[in-house]
Every structure is written in structure tokens, then in C-alpha cells.
file model-v6.txt (compact mmCIF, C-alpha atoms)
# COMPACT_ATOMS: atom_id res chain seq x y z
CA MET A 1 0.00 0.00 0.00
CA SER A 2 1.37 3.45 -0.91
CA ASP A 3 2.10 6.05 1.75
CA ASP A 4 -0.96 8.09 0.65
CA ASN A 5 -3.21 5.02 0.89
CA THR A 6 -1.79 4.19 4.31
CA VAL A 7 -2.53 7.70 5.56
CA GLU A 8 -6.06 7.62 4.15
CA ALA A 9 -6.78 4.21 5.68
CA GLU A 10 -5.58 5.42 9.06
CA ILE A 11 -7.72 8.55 8.81
CA VAL A 12 -10.78 6.41 8.10
CA GLU A 13 -10.08 4.18 11.09
CA ARG A 14 -9.49 7.11 13.43
CA VAL A 15 -12.69 8.79 12.28
CA ARG A 16 -14.56 5.53 12.85
CA ASP A 17 -13.03 5.14 16.32
CA ARG A 18 -13.80 8.74 17.23
CA TYR A 19 -17.48 8.47 16.35
CA ALA A 20 -17.87 5.02 17.84
CA GLY A 21 -16.60 6.45 21.11
CA ALA A 22 -18.93 9.42 20.79
CA ALA A 23 -21.90 7.12 20.24
CA THR A 24 -21.01 5.07 23.31
CA ARG A 25 -20.83 8.22 25.44
CA ALA A 26 -24.13 9.52 24.03
CA ALA A 27 -25.81 6.16 24.68
CA SER A 28 -24.83 6.51 28.34
CA GLY A 29 -26.62 9.85 28.52
CA GLU A 30 -23.74 12.23 27.95
CA THR A 31 -24.36 15.40 25.94
CA LEU A 32 -21.50 15.43 23.46
CA ILE A 33 -21.46 19.20 22.95
CA ASP A 34 -23.17 21.59 25.35
CA PRO A 35 -25.40 23.75 23.13
CA CYS A 36 -25.17 26.53 25.70
CA ALA A 37 -21.38 26.56 25.52
CA THR A 38 -20.68 26.76 21.80
CA PRO A 39 -22.24 28.42 18.76
CA VAL A 40 -19.96 26.39 16.45
CA PHE A 41 -20.96 22.71 16.68
CA GLY A 42 -23.85 20.65 18.06
CA ALA A 43 -27.57 21.03 18.69
CA GLY A 44 -27.12 24.69 19.68
CA LEU A 45 -27.11 25.50 15.97
CA TYR A 46 -30.82 24.57 15.88
CA ASP A 47 -31.67 27.11 18.62
CA GLY A 48 -34.64 29.29 17.80
CA THR A 49 -35.98 26.90 15.17
CA GLY A 50 -38.18 24.79 17.44
CA LEU A 51 -36.77 21.71 15.73
CA VAL A 52 -35.00 19.94 18.57
CA GLU A 53 -38.20 19.94 20.61
CA GLU A 54 -39.67 17.57 18.01
CA ILE A 55 -37.28 14.68 18.68
CA PRO A 56 -35.97 12.62 21.62
CA LEU A 57 -33.52 14.52 23.81
CA GLY A 58 -30.87 11.87 23.18
CA ALA A 59 -30.82 12.59 19.45
CA ALA A 60 -30.14 16.27 20.08
CA ALA A 61 -27.52 15.48 22.72
CA ALA A 62 -25.65 13.30 20.22
CA SER A 63 -25.44 16.03 17.58
CA LEU A 64 -21.92 16.83 16.36
CA GLY A 65 -22.85 18.85 13.28
CA CYS A 66 -21.64 22.27 12.17
CA GLY A 67 -24.99 23.55 10.95
CA ASN A 68 -28.65 22.87 10.28
CA PRO A 69 -29.10 21.29 6.82
CA LEU A 70 -32.87 21.24 7.17
CA ALA A 71 -32.81 25.02 7.03
CA VAL A 72 -31.85 24.77 3.35
CA ALA A 73 -33.17 21.36 2.25
CA ASP A 74 -36.76 22.60 1.80
CA LEU A 75 -38.26 19.13 2.18
CA ALA A 76 -41.72 18.31 0.87
CA GLU A 77 -44.32 15.65 1.68
CA GLY A 78 -43.65 12.32 0.03
CA GLU A 79 -39.98 12.87 -0.75
CA THR A 80 -37.12 10.47 -0.09
CA VAL A 81 -34.23 12.13 1.73
CA LEU A 82 -30.78 10.66 2.42
CA ASP A 83 -28.57 11.89 5.26
CA LEU A 84 -24.88 11.11 4.73
CA GLY A 85 -23.12 10.38 8.02
CA SER A 86 -26.33 10.39 10.03
CA GLY A 87 -24.75 9.85 13.46
CA GLY A 88 -27.29 9.80 16.28
CA GLY A 89 -30.12 10.51 13.85
CA ILE A 90 -31.12 14.11 14.59
CA ASP A 91 -31.48 15.19 10.95
CA VAL A 92 -33.05 11.92 9.82
CA LEU A 93 -35.77 12.16 12.48
CA LEU A 94 -36.45 15.80 11.66
CA SER A 95 -36.57 14.94 7.95
CA ALA A 96 -38.95 12.04 8.59
CA LYS A 97 -41.45 14.44 10.11
CA ARG A 98 -41.28 16.76 7.13
CA VAL A 99 -41.65 14.18 4.37
CA GLY A 100 -44.52 12.52 6.23
CA PRO A 101 -45.83 8.94 6.08
CA GLY A 102 -45.68 8.92 2.29
CA GLY A 103 -42.00 9.82 2.29
CA GLN A 104 -38.86 8.21 3.63
CA ALA A 105 -35.80 9.44 5.53
CA ILE A 106 -32.66 7.29 5.25
CA GLY A 107 -29.57 7.67 7.38
CA LEU A 108 -26.23 6.29 6.22
CA ASP A 109 -23.39 5.75 8.69
CA MET A 110 -20.32 3.52 8.81
CA THR A 111 -20.26 3.16 12.59
CA ASP A 112 -22.19 0.33 14.24
CA GLU A 113 -22.42 2.21 17.52
CA MET A 114 -23.97 5.27 15.87
CA LEU A 115 -26.42 3.11 13.91
CA HIS A 116 -27.54 1.38 17.11
CA LEU A 117 -27.99 4.75 18.82
CA ALA A 118 -29.92 6.23 15.88
CA ARG A 119 -32.25 3.24 15.64
CA ARG A 120 -32.97 3.57 19.36
CA HIS A 121 -33.83 7.24 18.89
CA ALA A 122 -36.08 6.42 15.91
CA ALA A 123 -37.95 3.86 18.01
CA GLU A 124 -38.39 6.40 20.80
CA ALA A 125 -39.73 8.92 18.29
CA GLY A 126 -42.06 6.39 16.64
CA ALA A 127 -40.56 7.31 13.26
CA ALA A 128 -41.82 4.45 11.09
CA ASN A 129 -40.57 6.16 7.91
CA ALA A 130 -36.97 6.49 9.17
CA GLU A 131 -34.38 3.89 8.21
CA PHE A 132 -30.68 3.58 9.03
CA VAL A 133 -28.25 1.64 6.85
CA LYS A 134 -24.58 0.84 7.21
CA GLY A 135 -22.09 2.02 4.63
CA ARG A 136 -19.55 4.61 3.62
CA ILE A 137 -20.44 7.83 1.87
CA GLU A 138 -17.93 6.99 -0.86
CA ASP A 139 -19.97 3.89 -1.76
CA ILE A 140 -23.64 4.60 -1.04
CA PRO A 141 -25.60 1.31 -0.85
CA LEU A 142 -28.65 2.63 -2.74
CA SER A 143 -29.80 2.20 -6.32
CA ASP A 144 -29.42 4.86 -9.00
CA ALA A 145 -31.87 7.77 -9.07
CA THR A 146 -33.80 6.81 -5.94
CA VAL A 147 -33.37 9.92 -3.76
CA ASP A 148 -34.99 13.35 -4.03
CA VAL A 149 -32.77 15.15 -1.55
CA VAL A 150 -29.33 14.52 -0.06
CA ILE A 151 -28.45 16.23 3.21
CA SER A 152 -25.40 15.99 5.46
CA ASN A 153 -24.08 17.78 8.50
CA CYS A 154 -20.33 18.29 8.77
CA VAL A 155 -19.42 14.85 7.42
CA ILE A 156 -18.28 15.17 3.81
CA THR A 157 -15.36 17.28 4.99
CA LEU A 158 -14.00 14.17 6.75
CA SER A 159 -13.86 12.10 3.56
CA THR A 160 -10.47 11.44 1.99
CA ASP A 161 -12.12 10.98 -1.43
CA LYS A 162 -14.63 13.80 -1.87
CA PRO A 163 -14.81 13.50 -5.70
CA ARG A 164 -16.10 9.96 -5.26
CA VAL A 165 -18.63 11.13 -2.65
CA PHE A 166 -19.98 13.74 -5.04
CA CYS A 167 -20.20 11.22 -7.88
CA GLU A 168 -22.17 8.90 -5.60
CA ILE A 169 -24.49 11.77 -4.64
CA ALA A 170 -25.11 12.53 -8.32
CA ARG A 171 -25.76 8.84 -8.98
CA VAL A 172 -28.41 8.33 -6.30
CA LEU A 173 -30.22 11.62 -6.90
CA ARG A 174 -33.19 11.54 -9.22
CA PRO A 175 -33.06 13.95 -12.19
CA GLY A 176 -33.77 17.37 -10.71
CA GLY A 177 -32.91 16.09 -7.22
CA ARG A 178 -31.06 18.44 -4.93
CA LEU A 179 -28.25 18.64 -2.41
CA GLY A 180 -28.56 20.80 0.71
CA ILE A 181 -25.83 20.30 3.28
CA SER A 182 -23.84 21.92 6.06
CA ASP A 183 -20.09 21.37 5.89
CA LEU A 184 -16.68 22.86 6.55
CA ILE A 185 -14.24 24.36 4.08
CA ALA A 186 -10.62 25.39 4.47
CA ASP A 187 -9.74 29.05 4.18
CA THR A 188 -7.66 29.73 1.08
CA ASP A 189 -4.50 30.48 3.08
CA THR A 190 -4.76 27.29 5.19
CA ASP A 191 -2.28 24.46 4.73
CA THR A 192 -4.52 21.42 4.27
CA THR A 193 -1.74 18.93 3.63
CA ARG A 194 -2.81 15.73 5.37
CA THR A 195 -0.38 14.42 7.93
CA LEU A 196 -0.64 12.12 10.90
CA ASP A 197 1.53 14.49 12.95
CA VAL A 198 -1.75 16.13 13.93
CA ASP A 199 -5.09 14.55 14.77
CA PRO A 200 -6.34 13.35 11.36
CA THR A 201 -9.92 13.16 12.58
CA GLY A 202 -9.90 16.93 13.00
CA CYS A 203 -11.72 18.50 10.06
CA GLY A 204 -8.69 20.57 9.10
CA ALA A 205 -6.85 17.42 8.03
CA THR A 206 -9.23 16.75 5.14
CA ALA A 207 -11.01 20.05 4.41
CA VAL A 208 -10.72 21.67 0.98
CA THR A 209 -11.23 25.25 -0.15
CA ALA A 210 -14.52 26.58 -1.55
CA ASP A 211 -13.08 26.62 -5.09
CA GLU A 212 -11.97 23.00 -4.79
CA TYR A 213 -15.34 22.00 -3.34
CA LYS A 214 -17.22 23.69 -6.21
CA GLY A 215 -14.94 22.18 -8.80
CA GLN A 216 -15.44 18.67 -7.45
CA LEU A 217 -19.23 19.08 -7.36
CA ALA A 218 -19.23 20.34 -10.94
CA ALA A 219 -16.98 17.50 -12.08
CA ALA A 220 -19.58 15.07 -10.69
CA GLY A 221 -22.19 16.63 -12.96
CA LEU A 222 -24.04 18.73 -10.38
CA VAL A 223 -25.21 22.24 -11.27
CA ASP A 224 -26.51 25.45 -9.66
CA ILE A 225 -23.78 25.17 -7.03
CA THR A 226 -23.65 27.73 -4.24
CA ILE A 227 -21.49 27.81 -1.11
CA THR A 228 -22.60 30.27 1.56
CA PRO A 229 -20.45 30.88 4.68
CA THR A 230 -22.28 30.84 8.02
CA HIS A 231 -19.65 31.09 10.79
CA GLN A 232 -16.01 30.52 11.67
CA ALA A 233 -15.64 26.96 12.96
CA GLY A 234 -12.01 26.91 13.99
CA PRO A 235 -8.55 28.01 12.88
CA GLY A 236 -8.61 28.12 9.10
CA LEU A 237 -12.08 26.55 8.90
CA THR A 238 -15.41 28.07 7.90
CA ALA A 239 -18.83 26.45 8.25
CA VAL A 240 -20.88 26.72 5.06
CA ILE A 241 -24.20 25.86 3.48
CA VAL A 242 -23.79 24.03 0.16
CA ARG A 243 -26.56 23.76 -2.41
CA ALA A 244 -26.54 21.99 -5.77
CA ARG A 245 -28.79 19.83 -7.91
CA ARG A 246 -28.71 17.09 -10.50
CA PRO A 247 -29.81 18.31 -13.93
CA GLU A 248 -33.27 17.30 -15.11
CA ARG A 249 -31.73 15.30 -17.98
call {"tool": "encode", "arguments": {"input": "model-v6.txt", "output": "C-alpha cells"}}
result
Amino acid sequence: MSDDNTVEAEIVERVRDRYAGAATRAASGETLIDPCATPVFGAGLYDGTGLVEEIPLGAAAASLGCGNPLAVADLAEGETVLDLGSGGGIDVLLSAKRVGPGGQAIGLDMTDEMLHLARRHAAEAGAANAEFVKGRIEDIPLSDATVDVVISNCVITLSTDKPRVFCEIARVLRPGGRLGISDLIADTDTDTTRTLDVDPTGCGATAVTADEYKGQLAAAGLVDITITPTHQAGPGLTAVIVRARRPER
């Protein structure tokens, strides 16, 4: 295995270990990020929306996101929505309410512990139209053109192969389907060279600039791409809202 492949494999394993540990702590009742203590990550970013009151407290306590993708997804009754890196299930459960009984909300996560936690939260919420499946966002285990909307909350930034993620998003979206996500980008003057000398599960290890992000989305065939900054998320990192869509034909 080449040095680059070794680094990428280790990043994947450390990300998996990090979120498995987070799920275990959340399952024991720990709030992973105090929403009163930070405006940067966690359920505090849903403050004032009335959204977190709709779901079990545990789902909100397990939130590790950098935004609120439902604020831009504009979900409609009967749609199928896919959440990439669904974690404890907060955005899947909120999506399930919006698409209603005739729609479906699917959460994709690679971590068994997070999937177990999310399924527990879905049972507590009585969300019969919510489903959680295991897999990686670089290889989405869904058929072509089966999803109306793809959402994600601060997960794509962690991928070591974003072009493949975006190609998979374009593949599973129906013609005219849309992408509405929260994510992190690297500031243009930030050194994003990946190295294991620093914590590779930190978002700065794998973040790309806005221009790179747009270019990779366009290369996957997505159009009407916009990237809107929302807040500073850390040294050299900006939280953003990303919108795009698959062409009608």
C-alpha cells in the first residue's frame, strides 16, 4: 500500500473510532457538545428553530454537526431524503417528520455504535418512515436515481475521497434532485496537507477550499452550485451551506 493510501486508511479508522466512542458516550446519557457553551458545533445551531423539541432529547444530545441542513433542504411531503453520516439521527428524524408517512428518511453511517444509537432514537420517536443503513459515503448502498434530496451535517469534509462522494451523490439523486448540506471548508490560506503528525480526525486534516469544493461538485455533474459561509468553525475553517442539484436530464 502506498504512503498516501496508508494515511487515508488510518484517517478512516481514526474517524470511525472517534465516532464510535462518541456514540457510546451519548448512549450513556452524555451530551456530546453543550449547546449553551458553543455556537460552532452541536444542537445549539438549531436554537430558535423549534426543531429539537420535536425529537428525543438523546438525538439532540448526540449532535456533532456544524450547521442545520434542514434550514436549506426545503423538504416536501412524500420525498425520499438521504442523510450522509447520520450519526445519532437528529437530521433523519427531523426529515422524517417533514416528508410525512408517504416519504422516507434514510440515514447512512459507517459506525455500528452510531447506527444502534440512531435506531434507538427512531424507536423512541415512533418514526416508522426512518431507516438507518450501514455504509460509507464513498460507496452509497442505494440504487441509482432513488433519492430526491441529499443532506449531510459536517461529514463530507471528513472524507479522503470527496470526488467519489460527489459522484455517488449525483448517482443516487433523481433527475432534478437536490443537495442541501452543512459542511466545513478550508480558508484559502490554510495548509490542508494531510499528515498524521496532527489529529487526522480533526476536520482541518481533510477540508478543501470553496473553489476546490465547487470544482469537485461540478466534475460530478451537479449544477446550480452555491457555497454560503455561516460562521467561523475553527482556525482556518469556515462552516458553510452548500446547495446543488442534478440536472433534469
call {"tool": "closest_residue", "arguments": {"input": "model-v6.txt", "among": "A:Ala244, A:Leu222, A:Met114, A:Ala96", "to": "Val81 (chain A)", "atoms": "all atoms listed in the file"}}
result
A:Ala96
call {"tool": "atom_distance", "arguments": {"input": "model-v6.txt", "atom1": "CA of Asp211 (chain A)", "atom2": "CA of Thr80 (chain A)"}}
result
29.4 Å
call {"tool": "closest_residue", "arguments": {"input": "model-v6.txt", "among": "A:Glu168, A:Glu113, A:Asp144, A:Glu13", "to": "Leu84 (chain A)", "atoms": "all atoms listed in the file"}}
result
A:Glu168
call {"tool": "residues_around", "arguments": {"input": "model-v6.txt", "residues": "Gly107 (chain A)", "least_positions_apart": "6", "cutoff": "9 Å", "atoms": "all atoms listed in the file", "output": "ChimeraX atom specification"}}
result
/A:81-87,89,91-92,115,118,130-134
call {"tool": "write_last_selection", "arguments": {"input": "model-v6.txt", "atoms": "C-alpha atoms", "output": "compact mmCIF listing (two decimals), in the frame of the given file"}}
result
# COMPACT_ATOMS: atom_id res chain seq x y z
CA VAL A 81 -34.23 12.13 1.73
CA LEU A 82 -30.78 10.66 2.42
CA ASP A 83 -28.57 11.89 5.26
CA LEU A 84 -24.88 11.11 4.73
CA GLY A 85 -23.12 10.38 8.02
CA SER A 86 -26.33 10.39 10.03
CA GLY A 87 -24.75 9.85 13.46
CA GLY A 89 -30.12 10.51 13.85
CA ASP A 91 -31.48 15.19 10.95
CA VAL A 92 -33.05 11.92 9.82
CA LEU A 115 -26.42 3.11 13.91
CA ALA A 118 -29.92 6.23 15.88
CA ALA A 130 -36.97 6.49 9.17
CA GLU A 131 -34.38 3.89 8.21
CA PHE A 132 -30.68 3.58 9.03
CA VAL A 133 -28.25 1.64 6.85
CA LYS A 134 -24.58 0.84 7.21
call {"tool": "atom_distance", "arguments": {"input": "model-v6.txt", "atom1": "CA of Thr188 (chain A)", "atom2": "CA of Val149 (chain A)"}}
result
29.2 Å
call {"tool": "atom_distance", "arguments": {"input": "model-v6.txt", "atom1": "CA of Ala233 (chain A)", "atom2": "CA of Leu117 (chain A)"}}
result
26.1 Å
call {"tool": "residues_around", "arguments": {"input": "model-v6.txt", "residues": "Gly177 (chain A)", "least_positions_apart": "4", "cutoff": "12 Å", "atoms": "only C-alpha atoms", "output": "PyMOL selection string"}}
result
chain A and resi 73-75+79-82+144-151+169-173+222-224+243-249
call {"tool": "closest_residue", "arguments": {"input": "model-v6.txt", "among": "A:Lys97, A:Ser159, A:Ala71, A:Gly126", "to": "Ile181 (chain A)", "atoms": "only C-alpha atoms"}}
result
A:Ala71
